[in-house]
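Remarks on the structure that follows.
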Amino acid sequence: MPGSSSTLLHNPAGLAIDASDTLYITDSQNHRIQKYAIGATSGTTVASQVPGACVNPSYLFVPNDVLVDSNGNIYVSDTGCQRIRLWTTGAVNGTAIAGTGK
Amino acid sequence: MICSGTAGPLLNEFYSPIGIARDSSTGAIYIADSVNNRIVKYSVGSSSGTVEAGGNGAGISTNQLNQPNAVYFDASSNSLIIANTLANNIVRWNLGASVGTVIAGSTSGASGSTSDLLYEPKDVTMDSQGNLYVADYRNNRIQFFRSGQTNGTTIAGISGGSISEQLSSPFSVALDSKLNLYVADWNNHRVQKYLRF
């Protein structure tokens, strides 16, 4: 069943796994990126939709893929906003790094 | 939709960008710009991209893609492995090349469920041996292609459904350091893990 609690997902669309085997999931219809440590049954949100619109660098709308580099930076394809966004390691807020969609 | 970005065909625009890959040696990212039928490269700090693959309209000619949903960067061969979704195949595109080569699925764009065909593959990844793992979305299965082979083996998903042996619209695949396979089981709202094949 779909849901938005920390143990549920709604149309998970993209996956990434870092060097420590931590799993990152684009939880597309919840407009967020969830992070799961090995064996965890619940996720923590590392990027999510903030109030506003696509022009907000931290906004997400139906993200579809996620990529994590060796420094822990998180790249997200924000399909609904026609942009690529970046959350640098530990950052609360994202940055739009490609695409002018608004 | 409460918010939708403005899509476009310019080199600083996307139309439904989906898959992302990265070349860790340069930091460049590659984006499957699906409805623009192309893979676009952004170098670090660039505000505009360059077309790396496709961009010649939707089609099955060797210089075309058809709504590619995912891209994987293969550092060992300096090429892109592309889930060419609506052409029902997987394409290898060497960086700098003007054409790609179908390495799995139909060269004519035909869909199907036999071992040599795919039906709207949504994602592809590769292990260090060059074996491919494909999220064969409309066939509700994960196909494994040994390096260089065009007949695949189904390693996950026996049919569409929600019991643990089944997948429903698998959207993405990923491998961990031990080659365990993770599948984004989109329509079952879960991620499934399979021990190393």
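Please note that chains go A, B, ... in the order of the structure tokens, that every chain numbers its residues from 1, and that ligands are numbered from 1 in the order shown.
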
Fill in: All residues 8 Å or closer to stretch 55-65 of chain A, only C-alpha atoms, same chain fewer than 2 positions away omitted, as a PyMOL selection string
(chain A and resi 13-15+25-32+47-53+67+76-81+85+93-96+101-102) or (chain B and resi 3-4+18-20)

Item to complete: Write out as a ChimeraX atom specification all residues of chain A that backbone DSSP assigns to helix (DSSP H, G or I).
Response: /A:28-30,79-81

Fill in: Residues of chain B within 6 Å of chain A, counting only C-alpha atoms, as number ranges by chain
B: 4-7, 12-14, 16-19, 171-172, 176, 184, 186-187, 189

Worksheet item: Which neighbours of stretch 122-126 of chain B fall inside 6 Å, counting only C-alpha atoms, when residues of the same chain fewer than 4 positions from it are skipped, and could you give them as a count of residues only?
Response: 13

Worksheet item: atom CA of B:Ile29 and atom CA of B:Tyr42, how far apart in Å?
Response: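 Pair atom CA of B:Tyr42 / atom CA of B:Ile29 returns 5.4 Å.
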
Discussion item. Please report the interatomic distance between atom CA of A:Thr41 and atom CA of A:Tyr24 in Å with one decimal.
Written reply: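 Atom CA of A:Thr41 sits 13.1 Å away from atom CA of A:Tyr24.
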
Item to complete: Once DSSP has gone over the backbone, tell me which residues of chain A are in strand (DSSP E or B), as a ChimeraX atom specification.
Response: /A:12-17,23-27,32-36,44-48,63-68,74-78,83-87,95-98
